[in-house]
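Here is the structure we will look at, set down as structure tokens.
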Amino acid sequence: MEKVHSIEVEQTTSSRLAQVDFENLKFGQHLSDHMLVAEYNNGAWQSVKIVPYGNIVLSPSSSFIHYGQSIFEGIKAYKLENGDISIFRPDQNHERFNKSAARLEMPTVPAEIFMDGLKTLIDLDRDWVPHTKDSSLYIRPFMFATEAALGVHPSESYTFMIITSPVGSYYNKALRLKVETHYTRAANGGVGFSKNAGNYALSLHPTKLAQEEGFDQLIWTDAKEHAYVEEAGTANLLFRIGDTLITPSSETILRGITRLSIMAIAEKWGMKTESRKVSVKELIEGIENGTVTEAFAAGTAATLTPISEIGYEGKVYKLSDPATREFSNKVLKYLNELRYGRIEDEFGWNLVVE
């Protein structure tokens, strides 16, 4: 493994912490005092620094602007019951980040930058981790190509950064989703499994159209037939069909860490689980005949958000009252208690920042 320089730390002389109303946090509106910045040049990581949060200077010809080499992750840190700070499963985000990097022909980020940098940054800004109900510190690692030259080729230089933001809930109500049967999020052989900026850019227009019809988000379907369910907007989908917890599976679907955690908990509780293709027909028929008893979206930002209604081909299908759902309410309570340190971390998922 290449040698990486130690992390230099420059602390801010003017904290913005007092400007934040921690009782009324909006998602992504406040950014913490510091950020990590690492530079990649000449085939190696050259420097790693933590500096006061601020603007960055870029050339107008920076290649990520023109050719889209830009990836990111989403992680959360929590204030535990005993006052410690814990980051939820960041090793899984590091692994996924490097898979995204490889697919976009970008350098991988070694653990001593990603993991050590993350822990150092959170320790420095630990006062930014909120303690109010359903709150957390949202962590955004990202990397983009910086070579100042036009021409379609992998960049020779990159910047990796981590910024953080105290947040409340991303969604505050059950979701109304529309099954998308025209626009496509991702295709086989593409980059659907990665967290790259382009995946989200192409979702904005069809999502806006759905919101104009009164829906909150889309249920994306496969590019070939629009016959199989994939993701829900910016989150994974899970369904309880009969006595089984099922999540759609495809190479176009993001390997969601919250989803994997929920599936692991269900299996530990003795519940049947399946990761497989789920057709729109199976879903709609299951809602109509009552075999689909629970449906929810899962992700770092969304955590676990129930789905109340699904629109398909001009008709809206209503699901059961979210308040009465046995599994999703139980697993959400368990996840919250685990991440806030109220129960034993039997899976070893919480990384405590010393």
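By order of appearance in the structure tokens: chains A, B, ..., then residues from 1 within every chain, and ligands from 1 in the order shown.
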Would you please extract all alpha helix (DSSP H) residues from range 30-245 of chain A, as assigned by DSSP on the backbone, and give them as a PyMOL selection string?
-> chain A and resi 63-67+90-103+111-124+197-201+204-212
For Ala297 in chain A, please output as JSON, numbers by chain all residues within 6 Å (counting only C-alpha atoms; exclusion window: fewer than 6 positions along the same chain).
-> {"A": [235, 236, 237, 304, 305]}
Residue subset to file, keeping N, CA and C atoms, as a PDB file, in the first residue's frame:
```pdb
ATOM      1  N   ALA A 235     -33.446   5.957  -2.342  1.00  0.00           N
ATOM      2  CA  ALA A 235     -33.362   4.925  -1.300  1.00  0.00           C
ATOM      3  C   ALA A 235     -33.677   3.551  -1.879  1.00  0.00           C
ATOM      4  N   ASN A 236     -33.305   2.525  -1.132  1.00  0.00           N
ATOM      5  CA  ASN A 236     -33.662   1.151  -1.484  1.00  0.00           C
ATOM      6  C   ASN A 236     -35.103   0.862  -1.083  1.00  0.00           C
ATOM      7  N   LEU A 237     -35.665  -0.188  -1.664  1.00  0.00           N
ATOM      8  CA  LEU A 237     -37.028  -0.620  -1.358  1.00  0.00           C
ATOM      9  C   LEU A 237     -37.009  -1.954  -0.631  1.00  0.00           C
ATOM     10  N   LEU A 304     -35.527   4.607   7.651  1.00  0.00           N
ATOM     11  CA  LEU A 304     -36.622   3.717   7.240  1.00  0.00           C
ATOM     12  C   LEU A 304     -37.884   4.567   7.185  1.00  0.00           C
ATOM     13  N   THR A 305     -38.417   4.726   5.979  1.00  0.00           N
ATOM     14  CA  THR A 305     -39.603   5.557   5.786  1.00  0.00           C
ATOM     15  C   THR A 305     -40.708   4.729   5.151  1.00  0.00           C
TER      16      THR A 305
END
```
Please provide as a PyMOL selection string all residues within 12 Å of Ser47 in chain A, with the sequence filter that same-chain residues fewer than 3 positions apart are discarded (counting only C-alpha atoms).
-> chain A and resi 3-9+36-41+44+50+112-113+117+158-161
Residue selection dump (C-alpha atoms) as a PDB file, in the first residue's frame:
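Saved as selection15.pdb:
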```pdb
ATOM      1  CA  LYS A   3       2.578   5.628   1.941  1.00  0.00           C
ATOM      2  CA  VAL A   4       0.233   8.451   2.897  1.00  0.00           C
ATOM      3  CA  HIS A   5       1.318  11.602   4.663  1.00  0.00           C
ATOM      4  CA  SER A   6       0.003  12.230   8.177  1.00  0.00           C
ATOM      5  CA  ILE A   7      -3.109  14.347   8.585  1.00  0.00           C
ATOM      6  CA  GLU A   8      -2.381  18.027   9.128  1.00  0.00           C
ATOM      7  CA  VAL A   9      -5.002  19.899  11.143  1.00  0.00           C
ATOM      8  CA  LEU A  36     -10.992  17.085   5.147  1.00  0.00           C
ATOM      9  CA  VAL A  37      -9.142  17.643   1.869  1.00  0.00           C
ATOM     10  CA  ALA A  38      -6.785  15.140   0.195  1.00  0.00           C
ATOM     11  CA  GLU A  39      -5.046  15.634  -3.144  1.00  0.00           C
ATOM     12  CA  TYR A  40      -4.088  12.949  -5.683  1.00  0.00           C
ATOM     13  CA  ASN A  41      -1.379  13.759  -8.227  1.00  0.00           C
ATOM     14  CA  ALA A  44      -0.275   8.930  -5.524  1.00  0.00           C
ATOM     15  CA  ILE A  50      -8.286  19.114   7.834  1.00  0.00           C
ATOM     16  CA  GLU A 112      -5.673   5.775   6.372  1.00  0.00           C
ATOM     17  CA  ILE A 113      -7.263   8.660   4.485  1.00  0.00           C
ATOM     18  CA  GLY A 117      -9.462  11.070   8.271  1.00  0.00           C
ATOM     19  CA  TYR A 158      -8.347  14.226  -8.054  1.00  0.00           C
ATOM     20  CA  THR A 159      -9.543  15.794  -4.815  1.00  0.00           C
ATOM     21  CA  PHE A 160     -11.125  13.744  -2.024  1.00  0.00           C
ATOM     22  CA  MET A 161     -13.068  15.629   0.647  1.00  0.00           C
TER      23      MET A 161
END
```
Quick one: residues within 12 Å of Val167 in chain A, only C-alpha atoms, excluding same-chain residues fewer than 2 positions away - as an mmCIF file with C-alpha atoms, in the first residue's frame?
```cif
data_model
loop_
_atom_site.group_PDB
_atom_site.id
_atom_site.type_symbol
_atom_site.label_atom_id
_atom_site.label_comp_id
_atom_site.auth_asym_id
_atom_site.auth_seq_id
_atom_site.Cartn_x
_atom_site.Cartn_y
_atom_site.Cartn_z
ATOM 1 C CA VAL A 20 -27.302 26.516 14.563
ATOM 2 C CA ASP A 21 -30.761 25.903 16.037
ATOM 3 C CA PHE A 22 -30.394 22.242 16.984
ATOM 4 C CA GLU A 23 -34.095 22.019 17.834
ATOM 5 C CA ASN A 24 -35.083 22.773 14.228
ATOM 6 C CA LEU A 25 -32.549 21.117 11.947
ATOM 7 C CA LYS A 26 -33.208 21.041 8.209
ATOM 8 C CA PHE A 27 -31.390 18.426 6.184
ATOM 9 C CA GLY A 28 -28.096 19.661 4.760
ATOM 10 C CA GLN A 29 -28.580 23.357 5.575
ATOM 11 C CA HIS A 30 -25.776 23.799 8.138
ATOM 12 C CA LEU A 31 -22.188 22.699 7.507
ATOM 13 C CA SER A 32 -19.787 21.978 10.341
ATOM 14 C CA ILE A 75 -22.734 8.210 6.461
ATOM 15 C CA LYS A 76 -24.134 9.217 9.840
ATOM 16 C CA ALA A 77 -22.617 9.760 13.276
ATOM 17 C CA TYR A 78 -24.702 9.638 16.452
ATOM 18 C CA TRP A 128 -21.605 19.444 16.012
ATOM 19 C CA VAL A 129 -23.120 15.991 16.593
ATOM 20 C CA PRO A 130 -26.682 16.800 17.709
ATOM 21 C CA HIS A 131 -28.407 15.157 20.662
ATOM 22 C CA THR A 132 -32.020 16.050 19.832
ATOM 23 C CA LYS A 133 -34.580 13.361 18.908
ATOM 24 C CA ASP A 134 -34.039 11.625 15.535
ATOM 25 C CA SER A 135 -30.991 13.773 14.798
ATOM 26 C CA SER A 136 -27.478 12.878 13.674
ATOM 27 C CA LEU A 137 -24.389 14.259 11.988
ATOM 28 C CA TYR A 138 -24.617 13.557 8.262
ATOM 29 C CA ILE A 139 -21.203 12.835 6.724
ATOM 30 C CA THR A 164 -20.406 17.126 7.643
ATOM 31 C CA SER A 165 -23.773 18.575 8.588
ATOM 32 C CA SER A 169 -35.169 13.579 9.606
ATOM 33 C CA TYR A 170 -34.962 13.553 5.783
ATOM 34 C CA TYR A 171 -38.617 12.519 5.440
ATOM 35 C CA THR A 300 -28.727 6.617 5.153
ATOM 36 C CA ALA A 301 -30.704 9.824 4.753
ATOM 37 C CA ALA A 302 -34.164 8.238 4.767
#
```
Skipping near chain neighbours, those fewer than 5 positions away, what residues fall within 7 Å of range 51-54 of chain A using only C-alpha atoms, listed as a list of chain:residue names?
->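 Everything that qualifies: A:Val9, A:Glu10, A:Gln11, A:Thr12, A:Asp33, A:His34, A:Met35, A:Leu36.
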Would you kindly return, as a list in words, each protein, DNA or RNA residue with an atom no farther than 10 Å from any atom of Ile262 in chain A, considering only C-alpha atoms and excluding same-chain residues fewer than 3 positions away?
-> Leu238, Leu245, Ile257, Thr258, Arg259, Ile265, Ala266, Glu267, Lys268, Ala298, Leu304, Ser328, Val331, Leu332, Tyr334 and Leu335 of chain A
